[in-house]
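K.L.:
Here you go, this is input-v1.txt (compact mmCIF, C-alpha atoms and all ligand atoms).
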# COMPACT_ATOMS: atom_id res chain seq x y z
CA MET A 246 0.00 0.00 0.00
CA SER A 247 1.30 3.45 -0.83
CA GLU A 248 2.06 5.78 2.05
CA SER A 249 -0.86 8.10 2.81
CA LYS A 250 -0.17 11.70 1.90
CA PHE A 251 -1.73 12.66 5.21
CA LYS A 252 1.24 10.99 6.94
CA ILE A 253 3.60 13.56 5.42
CA VAL A 254 4.43 16.32 7.89
CA ALA A 255 2.70 19.55 6.82
CA GLU A 256 4.86 22.31 5.43
CA GLU A 257 6.14 24.99 7.79
CA SER A 258 3.86 27.72 6.42
CA ILE A 259 0.76 26.00 7.81
CA GLN A 260 2.24 24.72 11.07
CA PRO A 261 0.73 26.60 14.05
CA ILE A 262 3.29 28.34 16.23
CA LYS A 263 1.90 26.83 19.42
CA PHE A 264 -0.39 24.11 20.73
CA SER A 265 -1.80 23.28 24.13
CA PHE A 266 -4.85 21.38 25.30
CA ASN A 267 -7.94 23.51 25.86
CA LYS A 268 -9.55 23.38 29.30
CA GLU A 269 -11.84 20.46 28.51
CA ASN A 270 -9.11 18.38 26.86
CA LEU A 271 -6.63 19.18 29.62
CA SER A 272 -9.06 17.67 32.08
CA LYS A 273 -9.55 14.62 29.81
CA ALA A 274 -5.78 14.25 29.44
CA LYS A 275 -5.28 14.31 33.21
CA ASP A 276 -7.92 11.60 33.60
CA ILE A 277 -6.18 9.49 30.92
CA LEU A 278 -2.86 9.80 32.76
CA LYS A 279 -4.48 8.44 35.92
CA MET A 280 -5.22 5.18 34.07
CA TYR A 281 -1.53 4.28 33.77
CA PRO A 282 1.17 3.63 36.39
CA PRO A 283 3.68 6.52 36.58
CA ASN A 284 6.40 4.30 35.08
CA TYR A 285 4.20 3.50 32.03
CA LYS A 286 3.31 7.02 30.96
CA GLU A 287 4.24 6.16 27.37
CA SER A 288 1.11 4.00 27.24
CA SER A 289 -0.96 7.19 27.28
CA ILE A 290 0.57 8.54 24.06
CA MET A 291 -2.16 7.18 21.77
CA PRO A 292 -5.21 8.55 23.61
CA LEU A 293 -3.40 11.87 24.16
CA LEU A 294 -2.59 12.15 20.46
CA SER A 295 -6.22 11.35 19.66
CA ILE A 296 -7.57 14.21 21.73
CA ALA A 297 -4.87 16.56 20.37
CA GLN A 298 -5.86 15.62 16.82
CA PHE A 299 -9.56 16.06 17.57
CA GLN A 300 -8.86 19.52 19.01
CA ASN A 301 -6.85 20.52 15.93
CA ASP A 302 -9.49 19.76 13.25
CA GLY A 303 -8.32 16.21 12.53
CA TRP A 304 -4.54 16.57 12.15
CA LEU A 305 -1.46 16.75 14.36
CA PRO A 306 0.86 19.70 13.92
CA LYS A 307 4.47 19.42 15.06
CA LYS A 308 3.69 21.58 18.11
CA ALA A 309 1.06 19.06 19.26
CA ILE A 310 3.59 16.23 19.12
CA GLU A 311 6.06 18.37 21.06
CA TYR A 312 3.34 19.29 23.56
CA VAL A 313 2.33 15.66 24.21
CA SER A 314 5.97 14.67 24.72
CA GLU A 315 6.43 17.48 27.25
CA PHE A 316 3.06 16.75 28.88
CA ILE A 317 4.15 13.25 29.87
CA ASN A 318 7.87 13.90 29.87
CA VAL A 319 8.90 11.34 27.27
CA PRO A 320 11.30 11.92 24.36
CA GLU A 321 9.59 13.55 21.37
CA ILE A 322 10.78 10.74 19.09
CA LYS A 323 8.60 8.26 21.03
CA VAL A 324 5.51 10.34 20.29
CA LEU A 325 6.54 10.91 16.68
CA GLU A 326 7.07 7.17 16.15
CA ILE A 327 3.46 6.50 17.11
CA ALA A 328 2.05 9.47 15.20
CA THR A 329 3.81 8.37 12.02
CA PHE A 330 3.07 4.63 12.37
CA TYR A 331 -0.70 4.44 12.92
CA SER A 332 -3.00 5.39 10.06
CA MET A 333 -5.49 7.15 12.33
CA TYR A 334 -3.09 10.03 12.95
CA ASN A 335 -2.76 12.67 10.26
CA LEU A 336 0.26 14.92 10.06
CA SER A 337 -1.22 17.32 7.54
CA PRO A 338 -4.67 18.94 7.24
CA VAL A 339 -7.68 16.81 6.29
CA GLY A 340 -11.20 17.79 5.29
CA LYS A 341 -14.02 18.47 7.72
CA TYR A 342 -15.12 14.93 6.83
CA HIS A 343 -12.10 12.67 6.48
CA ILE A 344 -13.15 9.49 4.66
CA GLU A 345 -11.01 6.39 5.16
CA VAL A 346 -12.00 3.45 3.00
CA CYS A 347 -10.79 0.05 4.20
CA THR A 348 -9.32 -1.86 1.25
CA THR A 349 -7.99 -4.97 3.00
CA THR A 350 -9.12 -8.41 1.72
CA PRO A 351 -12.50 -8.93 3.49
CA CYS A 352 -13.63 -5.41 2.55
CA MET A 353 -12.13 -5.81 -0.93
CA LEU A 354 -14.14 -9.02 -1.44
CA ARG A 355 -17.28 -7.17 -0.33
CA GLY A 356 -16.83 -4.26 -2.74
CA SER A 357 -14.37 -1.73 -1.27
CA ASP A 358 -13.09 -0.90 -4.78
CA SER A 359 -16.57 0.33 -5.68
CA MET A 360 -16.74 2.32 -2.43
CA LEU A 361 -13.42 4.00 -3.19
CA ASN A 362 -14.39 4.73 -6.80
CA LEU A 363 -17.71 6.16 -5.73
CA CYS A 364 -15.96 8.56 -3.32
CA LYS A 365 -13.45 9.57 -5.98
CA LYS A 366 -16.12 10.22 -8.61
CA LYS A 367 -18.71 11.85 -6.40
CA LEU A 368 -16.27 14.14 -4.60
CA GLY A 369 -13.78 14.65 -7.44
CA LEU A 370 -10.97 13.51 -5.20
CA GLU A 371 -7.99 11.21 -5.49
CA ILE A 372 -6.54 9.40 -2.48
CA GLY A 373 -4.62 11.85 -0.33
CA GLU A 374 -6.51 14.92 -1.56
CA VAL A 375 -8.68 17.47 0.24
CA SER A 376 -11.59 19.07 -1.62
CA LYS A 377 -11.18 22.74 -2.50
CA ASP A 378 -13.95 23.74 -0.10
CA GLY A 379 -12.20 21.80 2.70
CA GLN A 380 -15.28 19.65 3.29
CA PHE A 381 -13.92 16.20 2.34
CA SER A 382 -10.64 14.31 2.18
CA LEU A 383 -10.04 10.75 1.05
CA SER A 384 -7.72 8.01 2.18
CA ASN A 385 -7.48 4.22 1.87
CA VAL A 386 -6.49 2.24 4.94
CA GLU A 387 -5.70 -1.26 6.09
CA CYS A 388 -8.17 -3.34 8.13
CA LEU A 389 -10.28 -1.21 10.46
CA GLY A 390 -11.05 -4.26 12.60
CA ALA A 391 -14.74 -4.52 11.70
CA CYS A 392 -14.42 -7.10 8.90
CA VAL A 393 -17.60 -8.92 9.91
CA ASN A 394 -19.52 -5.84 8.73
CA ALA A 395 -17.48 -5.33 5.53
CA PRO A 396 -17.25 -3.17 3.57
CA VAL A 397 -16.36 -0.52 6.12
CA VAL A 398 -15.62 3.17 5.81
CA LYS A 399 -14.48 5.38 8.66
CA ILE A 400 -15.50 9.03 8.57
CA ASN A 401 -13.85 11.10 11.29
CA GLU A 402 -14.24 9.04 14.48
CA ASN A 403 -17.14 6.83 13.37
CA TYR A 404 -17.48 3.59 11.40
CA TYR A 405 -20.09 3.08 8.63
CA GLU A 406 -20.56 -0.60 7.87
CA ASP A 407 -22.40 -3.07 5.59
CA LEU A 408 -22.15 -0.48 2.86
CA ASP A 409 -23.14 -0.70 -0.77
CA SER A 410 -22.99 1.96 -3.46
CA GLN A 411 -26.45 3.24 -2.67
CA SER A 412 -26.01 3.53 1.08
CA LEU A 413 -22.60 5.18 0.75
CA ASP A 414 -24.00 7.63 -1.78
CA THR A 415 -26.86 8.47 0.60
CA LEU A 416 -24.40 8.87 3.46
CA ILE A 417 -22.22 11.33 1.55
CA ASN A 418 -25.31 13.27 0.45
CA LYS A 419 -26.26 13.63 4.11
CA PHE A 420 -22.81 14.90 5.04
CA GLN A 421 -22.93 17.34 2.13
CA SER A 422 -26.25 18.74 3.29
CA ASN A 423 -25.40 18.63 7.01
CA LYS A 424 -28.18 16.15 7.75
CA PRO A 425 -27.93 13.77 10.72
CA VAL A 426 -26.36 10.38 10.02
CA ASN A 427 -26.43 7.09 11.88
CA HIS A 428 -23.11 5.34 12.22
CA GLY A 429 -22.66 1.56 12.38
CA PRO A 430 -24.33 -0.87 9.93
CA GLN A 431 -26.12 0.84 7.05
CA SER A 432 -28.08 -2.35 6.37
CA LYS A 433 -31.07 -3.46 8.43
CA ARG A 434 -29.12 -5.72 10.74
CA LYS A 435 -28.08 -4.66 14.22
CA GLY A 436 -24.39 -4.85 15.10
CA THR A 437 -22.95 -8.10 13.87
CA GLU A 438 -26.10 -10.24 14.05
CA PRO A 439 -26.54 -12.80 11.23
CA ARG A 440 -28.09 -11.53 8.02
CA LYS A 441 -31.75 -12.54 7.70
S1 LIG A 501 -10.84 -5.83 6.20
FE1 LIG A 501 -12.04 -4.02 6.29
S2 LIG A 501 -12.52 -3.91 8.39
FE2 LIG A 501 -11.22 -5.62 8.28
Write the structure described by the file as structure tokens, please.
Ligand code: FES
P.N.:
Amino acid sequence: MSESKFKIVAEESIQPIKFSFNKENLSKAKDILKMYPPNYKESSIMPLLSIAQFQNDGWLPKKAIEYVSEFINVPEIKVLEIATFYSMYNLSPVGKYHIEVCTTTPCMLRGSDSMLNLCKKKLGLEIGEVSKDGQFSLSNVECLGACVNAPVVKINENYYEDLDSQSLDTLINKFQSNKPVNHGPQSKRKGTEPRK
């Protein structure tokens, strides 16, 4: 799989000059730290990066990585290693709705190519691009861990499952018109119950 363009560190001109958790996220971060023994603070890197990314419109600037390393007093390289390894962290700006299409085998067998092509055509985007209006960005990812409900697409923090071309098209229409959406299976089944 080709490296996602969103894993490339954003150019200097768009890097913010500072980052710190807002009041609400600072409180969340302190609660997260309490979940780990003091000698395992590194274990909190992933949830801390997640709230930093959420606060910064879906991507992690260099200052956020620096901030998390200082927040838990671990070398910056440890934080950077995690931010660059896992596909859920973006190092450059994404759209308001960041679409990640799973293209690993179970999803591929259940039609992920069609899902990806539909997104490309409907939104006029290639993988790694952000739409001009900043509303959508598109990425392909490895297994999202919900294969039983393949094909699966992740949009921001939620999973949309049991998709077909029609339900994905409807979903994108709803995002485009700011209508409420239900995450989870887009078929009639609940969770992972057997198909009727
Ligand atoms: S292969 Fe797509 S969720 Fe596992």
K.L.:
Write out as a list in words each polymer residue (protein, DNA or RNA) that has an atom no more than 6 Å from ligand LIG 501 (chain A), with all atoms listed in the file counted.
P.N.:
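Residues lying within 6 Å of ligand LIG 501 (chain A): Cys347, Thr349, Thr350, Pro351, Cys352, Cys388, Leu389, Gly390, Ala391, Cys392, Ala395, Pro396 and Val397 of chain A.
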K.L.:
Between atom CA of A:Lys433 and atom CA of A:Tyr405, what is the distance in Å, rounded to a tenth?
P.N.:
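Going from atom CA of A:Lys433 over to atom CA of A:Tyr405, I get 12.8 Å.
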K.L.:
Could you check which of A:Pro320, A:Gly303, A:Pro439, A:Gly429 is closest to A:Phe381, using only C-alpha atoms?
P.N.:
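Among A:Pro320, A:Gly303, A:Pro439, A:Gly429, it is A:Gly303 that comes nearest to A:Phe381.
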K.L.:
Applying 9 Å and only C-alpha atoms, which residues near A:Leu278 remain after dropping the ones on its own chain fewer than 3 positions away? List them as a VMD selection string.
P.N.:
chain A and resid 273 to 275 281 to 283 286 288 to 289 293 317
K.L.:
Atom CA of A:Gln380 to atom CA of A:Asn301: how many Å, to one decimal?
P.N.:
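Here the two named atoms are 15.2 Å from each other.
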K.L.:
Tell me which residues come within 10 Å of (2.5, 9.7, 5.4), as a list in words, counting only C-alpha atoms in the file's coordinates.
P.N.:
Ser247, Glu248, Ser249, Lys250, Phe251, Lys252, Ile253, Val254, Ala255, Ala328, Thr329, Phe330, Tyr331, Ser332, Tyr334, Asn335, Leu336, Ser337 and Gly373 of chain A
K.L.:
Starting from the incomplete input, reconstruct N, CA and C atoms of stretch 269-280 of chain A and report them as a PDB file, in the coordinates of the input.
P.N.:
ATOM      1  N   GLU A 269     -11.119  21.741  28.479  1.00  0.00           N
ATOM      2  CA  GLU A 269     -11.840  20.460  28.510  1.00  0.00           C
ATOM      3  C   GLU A 269     -10.883  19.290  28.228  1.00  0.00           C
ATOM      4  N   ASN A 270     -10.023  19.466  27.225  1.00  0.00           N
ATOM      5  CA  ASN A 270      -9.110  18.380  26.860  1.00  0.00           C
ATOM      6  C   ASN A 270      -7.993  18.196  27.897  1.00  0.00           C
ATOM      7  N   LEU A 271      -7.638  19.300  28.560  1.00  0.00           N
ATOM      8  CA  LEU A 271      -6.630  19.180  29.620  1.00  0.00           C
ATOM      9  C   LEU A 271      -7.181  18.287  30.733  1.00  0.00           C
ATOM     10  N   SER A 272      -8.437  18.488  31.039  1.00  0.00           N
ATOM     11  CA  SER A 272      -9.060  17.670  32.080  1.00  0.00           C
ATOM     12  C   SER A 272      -9.140  16.198  31.629  1.00  0.00           C
ATOM     13  N   LYS A 273      -9.501  15.989  30.341  1.00  0.00           N
ATOM     14  CA  LYS A 273      -9.550  14.620  29.810  1.00  0.00           C
ATOM     15  C   LYS A 273      -8.160  13.986  29.858  1.00  0.00           C
ATOM     16  N   ALA A 274      -7.147  14.762  29.484  1.00  0.00           N
ATOM     17  CA  ALA A 274      -5.780  14.250  29.440  1.00  0.00           C
ATOM     18  C   ALA A 274      -5.309  13.836  30.838  1.00  0.00           C
ATOM     19  N   LYS A 275      -5.677  14.644  31.829  1.00  0.00           N
ATOM     20  CA  LYS A 275      -5.280  14.310  33.210  1.00  0.00           C
ATOM     21  C   LYS A 275      -5.951  13.014  33.663  1.00  0.00           C
ATOM     22  N   ASP A 276      -7.209  12.842  33.260  1.00  0.00           N
ATOM     23  CA  ASP A 276      -7.920  11.600  33.600  1.00  0.00           C
ATOM     24  C   ASP A 276      -7.265  10.394  32.909  1.00  0.00           C
ATOM     25  N   ILE A 277      -6.847  10.583  31.661  1.00  0.00           N
ATOM     26  CA  ILE A 277      -6.180   9.490  30.920  1.00  0.00           C
ATOM     27  C   ILE A 277      -4.897   9.089  31.642  1.00  0.00           C
ATOM     28  N   LEU A 278      -4.139  10.100  32.067  1.00  0.00           N
ATOM     29  CA  LEU A 278      -2.860   9.800  32.760  1.00  0.00           C
ATOM     30  C   LEU A 278      -3.075   8.952  34.007  1.00  0.00           C
ATOM     31  N   LYS A 279      -4.201   9.188  34.683  1.00  0.00           N
ATOM     32  CA  LYS A 279      -4.480   8.440  35.920  1.00  0.00           C
ATOM     33  C   LYS A 279      -4.683   6.946  35.649  1.00  0.00           C
ATOM     34  N   MET A 280      -4.950   6.598  34.398  1.00  0.00           N
ATOM     35  CA  MET A 280      -5.220   5.180  34.070  1.00  0.00           C
ATOM     36  C   MET A 280      -3.933   4.357  33.958  1.00  0.00           C
TER      37      MET A 280
END
